[in-house]
file run-v1.txt (compact mmCIF, C-alpha atoms)
# COMPACT_ATOMS: atom_id res chain seq x y z
CA MET A 29 146.76 267.28 166.57
CA SER A 30 143.03 267.75 166.35
CA ILE A 31 140.35 265.60 167.94
CA MET A 32 139.28 264.70 164.43
CA GLN A 33 142.67 263.07 163.74
CA ALA A 34 142.39 261.08 166.97
CA MET A 35 138.99 259.81 165.95
CA LEU A 36 140.28 258.92 162.48
CA ALA A 37 143.15 256.89 164.01
CA GLY A 38 140.71 255.01 166.19
CA SER A 39 138.28 254.43 163.34
CA SER A 40 141.15 253.05 161.20
CA ALA A 41 141.53 250.29 163.78
CA LEU A 42 137.84 249.47 163.56
CA ASN A 43 137.92 249.38 159.77
CA THR A 44 141.15 247.38 159.57
CA TYR A 45 140.18 244.82 162.19
CA SER A 46 136.80 244.40 160.56
CA GLU A 47 138.67 243.41 157.38
CA ALA A 48 140.76 240.98 159.43
CA MET A 49 137.59 239.49 160.93
CA THR A 50 136.25 239.09 157.41
CA VAL A 51 139.38 237.09 156.50
CA ILE A 52 138.92 234.88 159.57
CA GLY A 53 135.23 234.46 158.81
CA ASN A 54 136.04 233.50 155.24
CA ASN A 55 138.49 230.85 156.47
CA LEU A 56 135.84 229.38 158.76
CA ALA A 57 133.15 229.53 156.10
CA ASN A 58 135.34 227.51 153.71
CA ALA A 59 136.34 224.84 156.24
CA ASN A 60 134.71 222.17 154.04
CA THR A 61 135.60 223.68 150.67
CA THR A 62 137.66 221.26 148.58
CA ALA A 63 141.35 222.27 148.41
CA PHE A 64 140.65 225.64 150.05
CA LYS A 65 143.74 227.55 151.16
CA SER A 66 143.32 229.79 154.20
CA SER A 67 144.43 233.42 154.32
CA ARG A 68 145.87 235.70 156.97
CA ALA A 69 145.71 239.45 157.40
CA THR A 70 148.89 241.47 157.82
CA PHE A 71 148.76 244.96 159.38
CA GLU A 72 150.93 248.02 158.85
CA ASP A 73 151.40 251.36 160.55
CA VAL A 74 149.98 254.34 158.71
CA LEU A 75 152.37 257.25 157.98
CA ILE A 76 153.51 258.92 161.23
CA GLN A 77 153.01 262.68 161.62
CA THR A 78 155.76 264.87 163.15
CA VAL A 79 154.26 267.52 165.45
CA GLY A 80 157.39 269.04 167.01
CA ILE A 81 160.89 268.66 168.45
CA SER A 82 161.48 267.48 172.03
CA GLY A 83 164.03 268.91 174.44
CA THR A 84 166.45 266.17 173.43
CA ARG A 85 166.10 267.38 169.89
CA ALA A 86 164.27 264.15 168.97
CA ALA A 87 161.22 264.46 166.75
CA THR A 88 157.86 264.25 168.42
CA GLN A 89 155.81 261.94 166.24
CA VAL A 90 152.21 260.79 166.45
CA GLY A 91 150.81 257.72 164.73
CA THR A 92 147.82 258.28 162.52
CA GLY A 93 146.30 254.81 162.60
CA VAL A 94 146.63 251.28 161.22
CA GLY A 95 146.10 249.86 157.77
CA LEU A 96 145.72 246.45 156.11
CA SER A 97 149.09 245.70 154.51
CA ALA A 98 148.26 242.42 152.76
CA ILE A 99 146.12 239.33 152.79
CA ASP A 100 148.41 236.32 152.26
CA GLN A 101 147.30 232.82 151.28
CA ASN A 102 148.71 229.83 153.12
CA MET A 103 149.76 227.46 150.33
CA THR A 104 151.18 224.70 152.54
CA GLN A 105 150.18 221.08 151.91
CA GLY A 106 146.81 220.14 153.36
CA ALA A 107 145.58 216.80 154.67
CA PHE A 108 144.35 214.08 152.32
CA ASN A 109 140.84 212.69 152.66
CA SER A 110 139.57 209.41 151.27
CA THR A 111 136.44 209.49 149.12
CA ALA A 112 134.18 206.98 147.40
CA ASN A 113 134.72 208.62 144.00
CA VAL A 114 137.61 206.97 142.14
CA ILE A 115 138.20 210.05 139.97
CA ASP A 116 138.70 212.42 142.90
CA LEU A 117 142.29 213.60 142.71
CA SER A 118 144.67 215.50 144.97
CA ILE A 119 148.11 217.05 144.60
CA ASP A 120 150.91 216.10 146.96
CA GLY A 121 153.23 219.07 147.20
CA ARG A 122 153.38 222.06 144.91
CA GLY A 123 151.44 222.46 141.69
CA PHE A 124 147.99 222.94 140.21
CA PHE A 125 145.54 221.12 137.99
CA GLU A 126 145.29 222.75 134.57
CA VAL A 127 141.73 223.14 133.29
CA LYS A 128 140.38 224.74 130.12
CA ASP A 129 137.15 225.98 128.67
CA PRO A 130 135.32 223.38 126.57
CA SER A 131 135.43 223.92 122.84
CA PRO A 132 132.45 225.84 121.37
CA GLY A 133 129.46 223.54 120.99
CA ALA A 134 130.88 220.94 123.37
CA ALA A 135 128.56 221.82 126.25
CA ASP A 136 126.06 219.17 127.24
CA SER A 137 123.69 218.50 130.10
CA THR A 138 126.55 217.91 132.51
CA THR A 139 128.76 220.81 131.39
CA THR A 140 128.25 224.37 132.56
CA THR A 141 127.70 226.88 129.74
CA LEU A 142 130.42 229.49 130.06
CA PRO A 143 129.95 233.24 129.64
CA ALA A 144 130.06 234.53 126.08
CA THR A 145 133.21 236.53 126.89
CA SER A 146 135.27 233.39 127.49
CA SER A 147 136.91 231.30 124.79
CA ASN A 148 138.24 227.80 124.42
CA GLU A 149 141.74 229.27 124.68
CA ASP A 150 141.25 230.28 128.32
CA THR A 151 143.36 228.26 130.77
CA PHE A 152 142.82 228.18 134.52
CA TYR A 153 144.53 226.51 137.47
CA THR A 154 143.06 224.94 140.57
CA ARG A 155 143.99 222.76 143.52
CA ALA A 156 140.48 221.30 143.75
CA GLY A 157 140.46 217.77 142.35
CA ASP A 158 136.80 216.83 142.86
CA PHE A 159 136.30 216.04 139.19
CA LYS A 160 133.41 214.24 137.54
CA GLN A 161 132.94 212.62 134.16
CA ASP A 162 130.68 214.36 131.67
CA LYS A 163 128.50 212.67 129.05
CA SER A 164 131.32 212.59 126.53
CA GLY A 165 133.68 210.87 128.99
CA LYS A 166 135.88 213.86 129.81
CA LEU A 167 136.90 214.78 133.34
CA VAL A 168 135.49 218.17 134.26
CA ALA A 169 135.48 220.43 137.29
CA ASN A 170 132.19 221.48 138.85
CA ASN A 171 132.15 224.61 136.70
CA GLY A 172 132.53 222.61 133.48
CA LEU A 173 136.22 223.31 132.88
CA ILE A 174 137.98 220.28 131.40
CA LEU A 175 141.02 218.74 133.10
CA GLN A 176 144.19 218.78 130.99
CA GLY A 177 146.95 216.19 130.84
CA TRP A 178 149.59 214.63 128.63
CA GLU A 179 148.52 211.77 126.41
CA LEU A 180 150.89 208.81 126.75
CA THR A 181 151.86 206.07 124.34
CA THR A 182 151.59 202.42 125.34
CA ASP A 183 155.21 202.69 126.51
CA GLY A 184 154.33 205.51 128.91
CA ILE A 185 156.06 208.19 126.80
CA PRO A 186 154.30 211.54 126.21
CA ALA A 187 152.83 211.53 122.71
CA SER A 188 153.02 215.32 122.46
CA SER A 189 154.45 218.28 124.29
CA GLN A 190 150.98 219.83 124.35
CA THR A 191 148.35 218.98 126.95
CA ALA A 192 144.98 217.66 125.89
CA ASP A 193 141.57 216.98 127.43
CA VAL A 194 141.59 214.02 129.82
CA ASP A 195 139.13 211.66 128.17
CA LEU A 196 138.16 208.37 129.86
CA SER A 197 135.66 207.28 127.23
CA THR A 198 138.26 205.05 125.55
CA PHE A 199 138.52 202.97 128.71
CA GLU A 200 134.79 202.48 129.20
CA THR A 201 134.55 199.85 126.48
CA SER A 202 137.55 197.83 127.65
CA PRO A 203 136.46 194.33 128.68
CA PRO A 204 137.04 193.46 132.35
CA LYS A 205 140.09 191.39 133.14
CA ALA A 206 140.63 189.24 136.18
CA SER A 207 143.59 190.09 138.41
CA GLY A 208 146.56 187.95 137.45
CA LEU A 209 149.39 189.40 139.52
CA VAL A 210 149.44 191.31 142.79
CA ASP A 211 152.49 193.14 144.10
CA VAL A 212 152.40 193.69 147.85
CA GLY A 213 154.71 195.95 149.84
CA VAL A 214 154.93 194.99 153.50
CA ASN A 215 157.34 195.62 156.35
CA PHE A 216 157.91 192.98 159.03
CA ASN A 217 159.27 193.48 162.51
CA ALA A 218 162.27 191.20 162.89
CA ASP A 219 161.68 191.18 166.64
CA GLU A 220 158.18 189.74 166.24
CA VAL A 221 157.76 186.77 168.57
CA VAL A 222 157.00 183.27 167.35
CA ILE A 223 153.56 182.04 168.42
CA THR A 224 154.19 179.22 170.89
CA ASP A 225 150.80 178.96 172.59
CA PRO A 226 149.74 175.35 171.84
CA LEU A 227 146.18 176.54 171.24
CA HIS A 228 147.28 178.76 168.36
CA THR A 229 150.51 177.30 166.96
CA THR A 230 148.63 175.70 164.04
CA TYR A 231 147.62 178.32 161.49
CA ASP A 232 143.87 178.88 161.20
CA PRO A 233 142.48 181.69 158.97
CA ASN A 234 139.59 182.09 161.41
CA ASP A 235 141.88 182.49 164.44
CA PRO A 236 143.73 185.85 164.49
CA ALA A 237 145.85 184.58 167.37
CA SER A 238 147.42 181.97 165.05
CA TYR A 239 149.23 184.50 162.84
CA ASN A 240 151.24 187.65 163.51
CA ASN A 241 150.19 190.19 160.85
CA SER A 242 147.67 190.71 158.09
CA THR A 243 146.94 193.12 155.24
CA THR A 244 144.20 193.39 152.62
CA VAL A 245 144.52 193.65 148.84
CA ARG A 246 141.80 194.30 146.28
CA VAL A 247 141.46 191.89 143.35
CA TYR A 248 138.97 191.72 140.49
CA ASP A 249 137.22 188.81 138.85
CA SER A 250 136.60 188.24 135.14
CA LEU A 251 133.42 190.35 135.33
CA GLY A 252 135.25 193.32 136.81
CA LYS A 253 133.79 192.88 140.28
CA GLY A 254 136.14 193.67 143.15
CA HIS A 255 136.88 191.36 146.07
CA ASN A 256 139.00 191.74 149.19
CA VAL A 257 141.70 189.15 149.81
CA ASP A 258 143.48 189.10 153.16
CA LEU A 259 147.12 188.09 153.41
CA HIS A 260 148.08 186.49 156.72
CA PHE A 261 151.72 186.33 157.83
CA LYS A 262 153.07 184.01 160.52
CA LYS A 263 156.62 184.09 161.79
CA LEU A 264 158.24 180.67 161.68
CA GLU A 265 160.33 179.23 164.46
CA ALA A 266 163.98 178.79 163.55
CA THR A 267 165.03 175.15 163.65
CA PRO A 268 168.64 173.94 163.47
CA ALA A 269 169.95 171.63 160.79
CA THR A 270 168.97 168.00 161.26
CA VAL A 271 170.08 164.86 159.47
CA ASN A 272 168.28 161.55 159.29
CA THR A 273 170.50 158.67 160.34
CA THR A 274 169.43 156.51 157.42
CA VAL A 275 172.02 155.41 154.88
CA GLY A 276 172.90 158.20 152.44
CA SER A 277 171.73 161.06 154.62
CA ALA A 278 174.83 161.23 156.78
CA VAL A 279 178.57 161.12 156.21
CA ASP A 280 180.53 157.86 156.38
CA PHE A 281 184.32 157.86 156.63
CA SER A 282 187.29 156.10 158.21
CA LEU A 283 189.60 157.80 160.72
CA SER A 284 193.30 156.90 160.78
CA ASP A 285 194.29 158.47 164.08
CA ALA A 286 192.75 158.65 167.55
CA ASN A 287 191.89 161.89 169.33
CA THR A 288 191.79 163.91 166.11
CA ASP A 289 190.18 167.34 165.74
CA VAL A 290 188.42 167.63 162.38
CA THR A 291 187.20 170.94 160.92
CA PHE A 292 184.57 170.50 158.20
CA LYS A 293 183.80 173.11 155.51
CA PHE A 294 180.62 172.97 153.44
CA THR A 295 180.64 174.85 150.10
CA ASP A 296 177.55 175.24 147.89
CA ALA A 297 177.44 175.81 144.13
CA ALA A 298 177.47 179.59 144.59
CA GLY A 299 180.71 179.43 146.55
CA ASN A 300 179.17 180.15 149.93
CA VAL A 301 181.13 178.45 152.70
CA VAL A 302 179.91 177.27 156.10
CA THR A 303 182.78 176.34 158.42
CA ALA A 304 182.05 174.13 161.43
CA ASP A 305 183.81 174.30 164.74
CA ALA A 306 186.56 171.73 165.21
CA PHE A 307 185.07 168.40 166.27
CA ASN A 308 187.06 165.88 168.28
CA PHE A 309 186.78 162.16 167.64
CA ALA A 310 187.78 160.24 170.75
CA ASP A 311 187.96 156.80 169.12
CA ALA A 312 189.97 155.73 166.10
CA GLY A 313 188.45 153.51 163.45
CA ALA A 314 185.43 153.59 161.18
CA GLN A 315 182.71 156.12 161.90
CA THR A 316 179.36 155.07 160.47
CA ALA A 317 176.54 157.49 159.57
CA PHE A 318 178.05 160.46 161.35
CA ASP A 319 175.20 162.89 162.19
CA LEU A 320 175.92 166.43 160.99
CA THR A 321 173.80 167.91 163.75
CA GLN A 322 176.68 167.19 166.10
CA LEU A 323 178.57 170.00 164.38
CA THR A 324 178.37 173.64 165.46
CA THR A 325 179.37 177.05 164.14
CA SER A 326 180.51 179.54 166.80
CA GLY A 327 178.88 177.28 169.37
CA ASN A 328 175.47 177.23 167.64
CA PRO A 329 173.94 174.34 165.68
CA ILE A 330 175.27 174.31 162.15
CA ALA A 331 172.91 175.95 159.65
CA LEU A 332 172.79 174.38 156.20
CA THR A 333 170.09 175.03 153.62
CA ALA A 334 167.63 172.28 152.81
CA GLY A 335 167.88 170.86 149.30
CA THR A 336 171.32 172.36 148.65
CA SER A 337 174.26 170.16 147.59
CA TYR A 338 177.55 170.86 149.36
CA ASP A 339 181.14 169.96 148.62
CA ILE A 340 182.59 168.83 151.95
CA SER A 341 186.23 169.55 152.71
CA TYR A 342 188.09 169.21 156.00
CA THR A 343 191.30 169.69 157.87
CA THR A 344 192.58 167.43 160.67
CA SER A 345 194.83 168.07 163.65
CA ALA A 346 196.39 164.60 163.21
CA GLY A 347 196.05 161.66 160.87
CA SER A 348 193.49 161.80 158.04
CA LEU A 349 190.03 160.83 156.95
CA THR A 350 189.54 158.35 154.14
CA ASN A 351 186.66 156.95 152.12
CA MET A 352 184.33 159.86 152.92
CA VAL A 353 180.94 159.25 151.29
CA GLY A 354 177.35 160.36 151.83
CA ALA A 355 175.27 163.55 151.58
CA ASP A 356 173.67 166.06 153.91
CA GLY A 357 169.96 165.51 154.32
CA VAL A 358 169.44 168.80 156.08
CA ALA A 359 166.04 170.28 156.93
CA GLU A 360 166.25 173.79 158.32
CA VAL A 361 164.12 176.89 158.85
CA ALA A 362 166.07 180.14 158.69
CA GLY A 363 166.01 182.51 161.63
CA ASN A 364 164.01 185.15 159.72
CA ALA A 365 161.31 183.33 157.78
CA TRP A 366 157.56 183.88 157.53
CA SER A 367 154.74 181.83 156.09
CA TRP A 368 151.96 183.61 154.21
CA HIS A 369 148.42 182.66 153.20
CA ALA A 370 145.81 184.22 150.90
CA VAL A 371 142.42 184.31 152.61
CA ALA A 372 138.96 185.04 151.20
CA SER A 373 135.46 185.08 152.67
CA SER A 374 134.08 181.55 152.40
CA ASP A 375 130.70 182.80 151.15
CA GLU A 376 132.41 184.33 148.08
CA LEU A 377 133.91 181.00 147.02
CA VAL A 378 132.27 178.15 145.16
CA ALA A 379 131.22 175.24 147.32
CA GLY A 380 134.19 173.05 146.41
CA ASP A 381 136.71 175.68 147.50
CA ARG A 382 135.13 176.73 150.79
CA GLY A 383 136.62 175.91 154.15
CA THR A 384 134.63 175.14 157.26
CA GLY A 385 134.86 178.63 158.78
CA THR A 386 133.95 182.17 157.85
CA TYR A 387 137.28 182.58 156.06
CA THR A 388 139.14 180.15 153.84
CA ALA A 389 142.89 180.07 153.17
CA VAL A 390 142.59 179.65 149.42
CA ASP A 391 146.24 178.73 148.94
CA LEU A 392 145.75 175.70 151.19
CA ASN A 393 142.50 174.62 149.53
CA ASN A 394 143.17 175.39 145.88
CA ALA A 395 146.86 176.02 145.13
CA ARG A 396 148.12 174.85 141.75
CA ALA A 397 151.38 173.03 141.25
CA VAL A 398 154.36 175.40 141.06
CA ASP A 399 157.00 175.15 138.37
CA THR A 400 160.23 175.78 140.28
CA THR A 401 162.45 175.40 137.19
CA GLY A 402 165.32 177.83 137.46
CA LEU A 403 164.61 178.66 141.09
CA THR A 404 167.28 178.19 143.72
CA ALA A 405 167.41 175.02 145.73
CA GLY A 406 165.47 175.22 148.94
CA TYR A 407 162.69 177.35 147.40
CA GLU A 408 159.56 176.83 149.49
CA THR A 409 156.14 177.98 148.34
CA GLY A 410 154.25 180.09 150.81
CA VAL A 411 157.41 181.03 152.74
CA LEU A 412 159.21 184.39 152.80
CA LYS A 413 162.91 184.12 153.63
CA PHE A 414 165.11 187.04 154.66
CA ASP A 415 168.81 187.26 155.35
CA SER A 416 170.37 188.66 158.53
CA VAL A 417 170.06 192.28 157.34
CA GLY A 418 166.44 191.98 156.19
CA ARG A 419 166.91 191.45 152.44
CA LEU A 420 164.31 189.20 150.81
CA LEU A 421 165.93 185.99 149.58
CA SER A 422 162.86 184.03 148.49
CA GLU A 423 159.24 185.15 148.24
CA GLY A 424 157.66 181.70 147.99
CA SER A 425 154.90 182.87 145.65
CA THR A 426 152.49 180.35 144.14
CA PRO A 427 149.67 180.70 141.58
CA ILE A 428 146.27 180.55 143.25
CA THR A 429 142.89 180.08 141.60
CA PHE A 430 139.60 181.36 143.02
call {"tool": "encode", "arguments": {"input": "run-v1.txt", "output": "structure tokens"}}
result
Amino acid sequence: MSIMQAMLAGSSALNTYSEAMTVIGNNLANANTTAFKSSRATFEDVLIQTVGISGTRAATQVGTGVGLSAIDQNMTQGAFNSTANVIDLSIDGRGFFEVKDPSPGAADSTTTTLPATSSNEDTFYTRAGDFKQDKSGKLVANNGLILQGWELTTDGIPASSQTADVDLSTFETSPPKASGLVDVGVNFNADEVVITDPLHTTYDPNDPASYNNSTTVRVYDSLGKGHNVDLHFKKLEATPATVNTTVGSAVDFSLSDANTDVTFKFTDAAGNVVTADAFNFADAGAQTAFDLTQLTTSGNPIALTAGTSYDISYTTSAGSLTNMVGADGVAEVAGNAWSWHAVASSDELVAGDRGTGTYTAVDLNNARAVDTTGLTAGYETGVLKFDSVGRLLSEGSTPITF
């Protein structure tokens, strides 16, 4: 092998690694390029030359250098960045934006004039979603190519199998409309502690220590101007069932046998049954205004839902009950319930709706009457109720005016 071949092998490394450095430099140079995908250089061995046979009869081979096998793009999902431009788009996962040349004569002051060799039939694909709106209302890339999409009917069904220019001009003349309904997705921690500090037990929109969690939603007024509304959530302390001892709010009956164990069952209109632990009456005779809070279930205070009518049945260990009359006047807070409040900056409200602090709980100052027709008994406005496995039972929503 000549000295010239040795020098060529060494120079191949210089040339190949200079290409690799160019790839690295290009990655660094495009660190702030929208939707840029980095590349990597892959090397390969150049054809080996056989120069003889060794004593073991194995071929004696000499490498002749290194070459650049491929430059591969890394197409994995990148990070999302928030921007102030509402028409900046990004793709989550695989896929590309489809963009096309503008039709001949469609160029304007905000659209790049394309080379004469291109036509309006040319289609391109890009991951860069930093679009802008041209004078005609169409969404265009920085090079003037127009974003393509499927036009939908009012029912959300594609009007055609062919893509068309994304044109926002039809929305620019739409009159502003005030927000009328807000859907909020939140996740509460069931282990959140109830606020018991006497300085903060009473909810105050200006005291973050008086509520457990908060989130912000964006709403719009009748002029199309946006406003931030904070939602405050406060976990409520579970309280056992209680019954007033006034006439009609307890159960009256007569007992025919002394030392009788009575097991009460309470059944609501939906067929749900609450069975109390057996209760022993030590004295025979009339029992007046028996307080239901004396009953337990599995050793805990009985839990009945406020405002719900129950059919009361019972079994006795001896004798019987007669002339049972009355109703349960139960007031109870479930073990997984939260109150919520809609809060706005006081300086954004009219004088009559403002509170005394920086923030005003609008639902407390200006909530309209709620029509609860058709809602289940026990529906409480401003209270979220969950069952034991975290399913929402009642959202307690109420119309609020600003």
call {"tool": "residues_around", "arguments": {"input": "run-v1.txt", "residues": "stretch 237-248 of chain A", "least_positions_apart": "5", "cutoff": "12 Å", "atoms": "only C-alpha atoms", "output": "VMD selection string"}}
result
chain A and resid 204 to 232 253 to 264 366 to 372 430
call {"tool": "residues_near_point", "arguments": {"input": "run-v1.txt", "point": "(178.5, 176.9, 165.7)", "cutoff": "10 Å", "atoms": "all atoms listed in the file", "output": "list in words"}}
result
Val302, Thr303, Ala304, Asp305, Ala306, Gln322, Leu323, Thr324, Thr325, Ser326, Gly327, Asn328, Pro329, Ile330 and Ala331 of chain A
call {"tool": "atom_distance", "arguments": {"input": "run-v1.txt", "atom1": "atom CA of A:Thr409", "atom2": "atom CA of A:Arg382"}}
result
21.2 Å
call {"tool": "atom_distance", "arguments": {"input": "run-v1.txt", "atom1": "atom CA of A:Thr191", "atom2": "atom CA of A:Leu167"}}
result
13.8 Å
call {"tool": "closest_residue", "arguments": {"input": "run-v1.txt", "among": "A:Lys65, A:Ala169, A:Val114, A:Gly299", "to": "A:Gln101", "atoms": "only C-alpha atoms"}}
result
A:Lys65
call {"tool": "atom_distance", "arguments": {"input": "run-v1.txt", "atom1": "atom CA of A:Ile340", "atom2": "atom CA of A:Arg419"}}
result
27.5 Å
call {"tool": "residues_near_point", "arguments": {"input": "run-v1.txt", "point": "(144.1, 178.4, 148.6)", "cutoff": "10 Å", "atoms": "all atoms listed in the file", "output": "list of chain:residue names"}}
result
A:His369, A:Ala370, A:Val371, A:Ala372, A:Asp381, A:Arg382, A:Gly383, A:Thr388, A:Ala389, A:Val390, A:Asp391, A:Leu392, A:Asn393, A:Asn394, A:Ala395, A:Arg396, A:Thr426, A:Pro427, A:Ile428, A:Thr429, A:Phe430
call {"tool": "axis_aligned_box", "arguments": {"input": "run-v1.txt", "around": "stretch 382-386 of chain A", "padding_each_side": "4 Å", "output": "JSON"}}
result
{"center_x": 135.3, "center_y": 178.7, "center_z": 154.8, "size_x": 10.7, "size_y": 15.0, "size_z": 16.0}
call {"tool": "closest_residue", "arguments": {"input": "run-v1.txt", "among": "A:Phe159, A:Phe307, A:Phe199, A:Phe71", "to": "A:Asp116", "atoms": "only C-alpha atoms"}}
result
A:Phe159
call {"tool": "closest_residue", "arguments": {"input": "run-v1.txt", "among": "A:Gln176, A:Thr344, A:Thr181, A:Ser40", "to": "A:Val194", "atoms": "all atoms listed in the file"}}
result
A:Gln176
call {"tool": "residues_around", "arguments": {"input": "run-v1.txt", "residues": "A:Met103", "least_positions_apart": "6", "cutoff": "9 Å", "atoms": "all atoms listed in the file", "output": "ChimeraX atom specification"}}
result
/A:65-67,122
call {"tool": "closest_residue", "arguments": {"input": "run-v1.txt", "among": "A:Ala365, A:Ala187, A:Val378, A:Ile31", "to": "A:Leu421", "atoms": "only C-alpha atoms"}}
result
A:Ala365
call {"tool": "closest_residue", "arguments": {"input": "run-v1.txt", "among": "A:Glu265, A:Ser202, A:Phe294, A:Leu42", "to": "A:Leu251", "atoms": "all atoms listed in the file"}}
result
A:Ser202
call {"tool": "closest_residue", "arguments": {"input": "run-v1.txt", "among": "A:Val127, A:Ile119, A:Ala112, A:Val79", "to": "A:Asp193", "atoms": "all atoms listed in the file"}}
result
A:Val127
call {"tool": "residues_around", "arguments": {"input": "run-v1.txt", "residues": "A:Gly165", "least_positions_apart": "3", "cutoff": "6 Å", "atoms": "all atoms listed in the file", "output": "ChimeraX atom specification"}}
result
/A:161-162,195-197
